[in-house]
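A short worksheet on the structure shown next.
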Amino acid sequence: MTLSVAVTGMSCGCSASTIRSQVLPLRGVERVEVDVLGGRVTVSGGPLLEESQVRAAIVEAGYKVAS
């Protein structure tokens with residue numbers, strides 16, 4: 001399963017690192033790609049991957065997720 005989320009507030013590689021460190025430990029997450037310039041976070045994982053948890057982790061990291 002792969003999901004892509006629009007994220008605002010990212011400005012540099014530090015943003016990407018922060019988001020990766022929040023999302024990667026979530027259950028079911030296998031890979032996290034952050035496109036700072038494009039404003040997208042793409043998460044790949046298995047059947048236990050839950051979009052709501054990914055969105056919550058990004059918000060917890062201090063970024064806004066588009067609905």
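In the structure tokens, chains take the letters A, B, ... in the order shown, each chain's residues start at 1, and ligands count up from 1 in the order shown.
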Sorted by chain and rising residue number, list the residues of region 4-32 of chain A at most 8 Å from region 56-67 of chain A (counting only C-alpha atoms), each with its closest atom pair and distance in Å to one decimal, as CSV.
residue,atom,partner,partner_atom,distance
A:Val5,CA,A:Val65,CA,7.0
A:Ala6,CA,A:Ala66,CA,5.4
A:Val7,CA,A:Val65,CA,4.6
A:Thr8,CA,A:Lys64,CA,5.2
A:Gly9,CA,A:Tyr63,CA,5.6
A:Met10,CA,A:Tyr63,CA,7.0
A:Thr18,CA,A:Ala61,CA,6.6
A:Ile19,CA,A:Ile58,CA,6.0
A:Gln22,CA,A:Ala57,CA,5.8
A:Val23,CA,A:Ala57,CA,5.9
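Across region 28-57 of chain A, DSSP run on the backbone finds strand (DSSP E) at Val29, Glu30, Arg31, Val32, Glu33, Val34, Asp35, Arg40, Val41, Thr42, Val43, Ser44 and Gly45 of chain A.
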Keeping only N, CA, C and O atoms, take the residues you just selected and write them out as a tab-separated table (two decimals), in the first residue's frame.
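Output (out_7.tsv):
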chain	number	residue	atom	x	y	z
A	29	VAL	N	4.66	0.97	8.47
A	29	VAL	CA	5.43	1.83	7.57
A	29	VAL	C	6.74	1.16	7.20
A	29	VAL	O	7.49	0.71	8.05
A	30	GLU	N	7.01	1.10	5.90
A	30	GLU	CA	8.26	0.51	5.41
A	30	GLU	C	9.18	1.56	4.80
A	30	GLU	O	10.39	1.42	4.86
A	31	ARG	N	8.59	2.62	4.22
A	31	ARG	CA	9.41	3.62	3.54
A	31	ARG	C	8.70	4.97	3.57
A	31	ARG	O	7.48	5.04	3.40
A	32	VAL	N	9.48	6.04	3.77
A	32	VAL	CA	8.93	7.40	3.78
A	32	VAL	C	9.76	8.26	2.83
A	32	VAL	O	10.98	8.34	2.98
A	33	GLU	N	9.09	8.88	1.86
A	33	GLU	CA	9.75	9.80	0.94
A	33	GLU	C	9.14	11.17	1.14
A	33	GLU	O	7.93	11.32	1.14
A	34	VAL	N	10.00	12.19	1.31
A	34	VAL	CA	9.53	13.54	1.53
A	34	VAL	C	10.02	14.43	0.39
A	34	VAL	O	11.22	14.52	0.15
A	35	ASP	N	9.09	15.06	-0.31
A	35	ASP	CA	9.39	16.00	-1.38
A	35	ASP	C	9.09	17.39	-0.83
A	35	ASP	O	7.96	17.86	-0.87
A	40	ARG	N	4.91	17.16	-0.67
A	40	ARG	CA	4.24	15.85	-0.55
A	40	ARG	C	5.09	14.89	0.28
A	40	ARG	O	6.31	14.89	0.22
A	41	VAL	N	4.38	14.07	1.01
A	41	VAL	CA	5.00	12.97	1.75
A	41	VAL	C	4.36	11.69	1.24
A	41	VAL	O	3.13	11.56	1.23
A	42	THR	N	5.19	10.76	0.78
A	42	THR	CA	4.70	9.49	0.27
A	42	THR	C	5.18	8.38	1.20
A	42	THR	O	6.37	8.29	1.50
A	43	VAL	N	4.24	7.58	1.65
A	43	VAL	CA	4.54	6.52	2.61
A	43	VAL	C	4.14	5.18	2.01
A	43	VAL	O	3.02	5.02	1.51
A	44	SER	N	5.05	4.22	2.06
A	44	SER	CA	4.78	2.87	1.58
A	44	SER	C	4.81	1.92	2.76
A	44	SER	O	5.61	2.10	3.69
A	45	GLY	N	3.96	0.92	2.70
A	45	GLY	CA	3.94	-0.04	3.80
A	45	GLY	C	3.02	-1.20	3.53
A	45	GLY	O	2.46	-1.35	2.45
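Every residue of chain A found in helix (DSSP H, G or I) when DSSP is run on the backbone appears here: Gly13, Cys14, Ser15, Ala16, Ser17, Thr18, Ile19, Arg20, Ser21, Gln22, Val23, Glu51, Ser52, Gln53, Val54, Arg55, Ala56, Ala57, Ile58, Val59 and Glu60 of chain A.
The spacing separating CA of Gly13 (chain A) from CA of Leu48 (chain A) amounts to 27.8 Å.
Reported to one decimal place, the separation of CA of Val36 (chain A) from CA of Val54 (chain A) is 16.6 Å.
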